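Some notes on the structure that comes next.
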Amino acid sequence: MLSSGFAPGDAFAGRTYNRGMANDLYSVLGVDRSASDDAIQKAYRKLARQYHPDRNPGDKEAEAKFKDVQSAFDVLGDKEKRAQYDQYGSVGGPGPNFGGPGGFNFHTSGPGGFDQVDAENIFRQFFGGGGSPFTGGGGGGPFGGKAGRSRQAPPAEPQEAEIGVPLETALAGGTMQFNISGKDVSVRIPAGIGDGQALRLSGQAPGGGDLLLRVKLQPHPHYSVEDGSLIVTVPVSIPEAVLGGSIDVPLPGGVFVTVKVPPGTSSGAKLRLKGKGIKGGDCFVRLKIMAPVALSDKARDLLKAYSEEQPHDPRTEPFWKR
């Protein structure tokens, strides 16, 4: 006959548990006899967590309550066993130990009684997988590790380091080599990675922890990123800006696109290339008019003649006037 493990008058699951109720399985789980299967399962989970030995090491009373909860759910959690219990007060029908619903005598299938029941097997049948609801699914205690075995050391903390990545490599992607704490590490740089983002290398840090590489983008003479868009600054000559024309623009990865410059384009004007930017976004070509450093006498005379033939004052706004 299974002992309840409760002291008279113990408060249990919102009810008063006394010796007169010691063999009432519904009282053990703290539910009514009309409780649904879901209510019984919910009550069982709550009490099993509360009184599990891993949470109450060395507490004999909690251990006894845990066994009572297991025993009760083994019957009430099984529709066939529950029906037999409701009808006869025991599992298997009336017998020598039949005592009615108020005097149920519970026997386990093992020759040694409940003490030989493997609680983890019960959890596997009920929850599925390999563990109980408080072992993390792996058959261990609530703090990790296997029950009855020495717990494993916690994993090493991740370490962080900064790596300088050329902007062109960050835009097009590629593989780079770095020396981190004396160790050579090969790192794949995904296309479009931004400044300040981190790459995680599992187990590459000293001590076996993860290595977090914080990206520091290095400037490029012609590429830049503004508001998430790729900007390519392209120098153009005065005749190209005035008369218009076509220019070839190199994009990250060695790809060239041909861009038409409208006649009369000013320095700083932007031309949009749809889908040619970062991760399929737009790319903008920013034109920068470059004046010649030196002029021949003939070229200087031609510019003077142009200035006299077609005077042009770009500073007509009041802001520029004295």
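Going by the structure tokens order, chains are called A, B, ..., each with residues numbered from 1, while ligands are numbered from 1 in the order shown.
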Item to check | Neighbour list for Tyr26 (chain A) as a PyMOL selection string, cut-off 10 Å, only C-alpha atoms, skip fewer than 6 positions in-chain | outcome: chain A and resi 32-35+40+69+72-73+76+101
Dump of C-alpha atoms for the selected residues, as a PDB file, in the first residue's frame:
ATOM      1  CA  ASP A  32     -12.365  17.097  -8.669  1.00  0.00           C
ATOM      2  CA  ARG A  33     -13.489  13.666  -9.785  1.00  0.00           C
ATOM      3  CA  SER A  34     -15.177  15.341 -12.766  1.00  0.00           C
ATOM      4  CA  ALA A  35     -11.928  17.055 -13.874  1.00  0.00           C
ATOM      5  CA  ILE A  40      -5.515  16.492 -14.653  1.00  0.00           C
ATOM      6  CA  VAL A  69       1.836  12.582  -7.603  1.00  0.00           C
ATOM      7  CA  ALA A  72      -1.857   9.280  -9.086  1.00  0.00           C
ATOM      8  CA  PHE A  73      -1.159  10.470 -12.599  1.00  0.00           C
ATOM      9  CA  LEU A  76      -5.749   9.206 -13.764  1.00  0.00           C
ATOM     10  CA  PRO A 101     -13.013   4.993  -3.950  1.00  0.00           C
TER      11      PRO A 101
END
Next on the checklist: I need the residues of region 130-284 of chain A that end up classed as helix (DSSP H, G or I) by DSSP on the backbone, written out as a list in words.
Outcome noted: Leu167, Glu168, Thr169, Ala170, Leu171, Ala172, Ile238, Pro239, Glu240, Ala241, Val242, Leu243, Ile278, Lys279 and Gly280 of chain A
Output C-alpha atoms of each residue in that selection to a file, as a PDB file, in the first residue's frame.
ATOM      1  CA  LEU A 167      34.392  48.898 -48.071  1.00  0.00           C
ATOM      2  CA  GLU A 168      34.618  47.276 -51.499  1.00  0.00           C
ATOM      3  CA  THR A 169      34.955  43.819 -49.890  1.00  0.00           C
ATOM      4  CA  ALA A 170      32.018  44.530 -47.595  1.00  0.00           C
ATOM      5  CA  LEU A 171      29.895  45.537 -50.579  1.00  0.00           C
ATOM      6  CA  ALA A 172      30.809  42.654 -52.893  1.00  0.00           C
ATOM      7  CA  ILE A 238      33.778  70.158 -68.254  1.00  0.00           C
ATOM      8  CA  PRO A 239      32.904  69.188 -71.855  1.00  0.00           C
ATOM      9  CA  GLU A 240      31.156  65.981 -70.583  1.00  0.00           C
ATOM     10  CA  ALA A 241      29.130  68.009 -68.099  1.00  0.00           C
ATOM     11  CA  VAL A 242      28.264  70.753 -70.633  1.00  0.00           C
ATOM     12  CA  LEU A 243      27.722  68.684 -73.761  1.00  0.00           C
ATOM     13  CA  ILE A 278      23.535  46.923 -51.701  1.00  0.00           C
ATOM     14  CA  LYS A 279      21.526  43.683 -51.578  1.00  0.00           C
ATOM     15  CA  GLY A 280      19.540  44.610 -54.681  1.00  0.00           C
TER      16      GLY A 280
END
Checklist entry - A:Thr316, A:Ser246, A:Gln41, A:Gln84: which is nearest Gln70 (chain A), counting only C-alpha atoms? => result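 Comparing A:Thr316, A:Ser246, A:Gln41, A:Gln84 against Gln70 (chain A), the winner is A:Gln41.
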Item to check | Shortest interatomic distance to Ile193 (chain A) - which of A:Gly207, A:Leu47, A:Leu29, A:Pro166, counting only C-alpha atoms | outcome: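 For Ile193 (chain A), the nearest of the candidates is A:Pro166.
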Checklist entry - Nearest to Lys288 (chain A): which of A:Gly196, A:Gly253, A:Gly245, A:Pro235 is it, counting only C-alpha atoms? => result A:Pro235
Checklist entry - So how far away is CA of Lys81 (chain A) from CA of Tyr51 (chain A), in Å? => result 23.8 Å
Item to check | Near-Ile163 (chain A) list (7 Å; only C-alpha atoms; drop same-chain fewer than 4 positions) as a ChimeraX atom specification | outcome: /A:213-216
I need the residues from that last selection saved to file as a compact mmCIF listing (two decimals), in the first residue's frame (with N, CA and C atoms), if you can.
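Result file is out07.txt:
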# COMPACT_ATOMS: atom_id res chain seq x y z
N LEU A 213 33.34 38.90 -34.23
CA LEU A 213 34.19 39.84 -34.96
C LEU A 213 33.35 41.05 -35.34
N ARG A 214 33.67 42.19 -34.74
CA ARG A 214 32.95 43.43 -35.00
C ARG A 214 33.58 44.12 -36.22
N VAL A 215 32.77 44.40 -37.24
CA VAL A 215 33.26 44.92 -38.51
C VAL A 215 33.46 46.43 -38.43
N LYS A 216 34.64 46.87 -38.83
CA LYS A 216 34.96 48.30 -38.97
C LYS A 216 35.27 48.57 -40.43
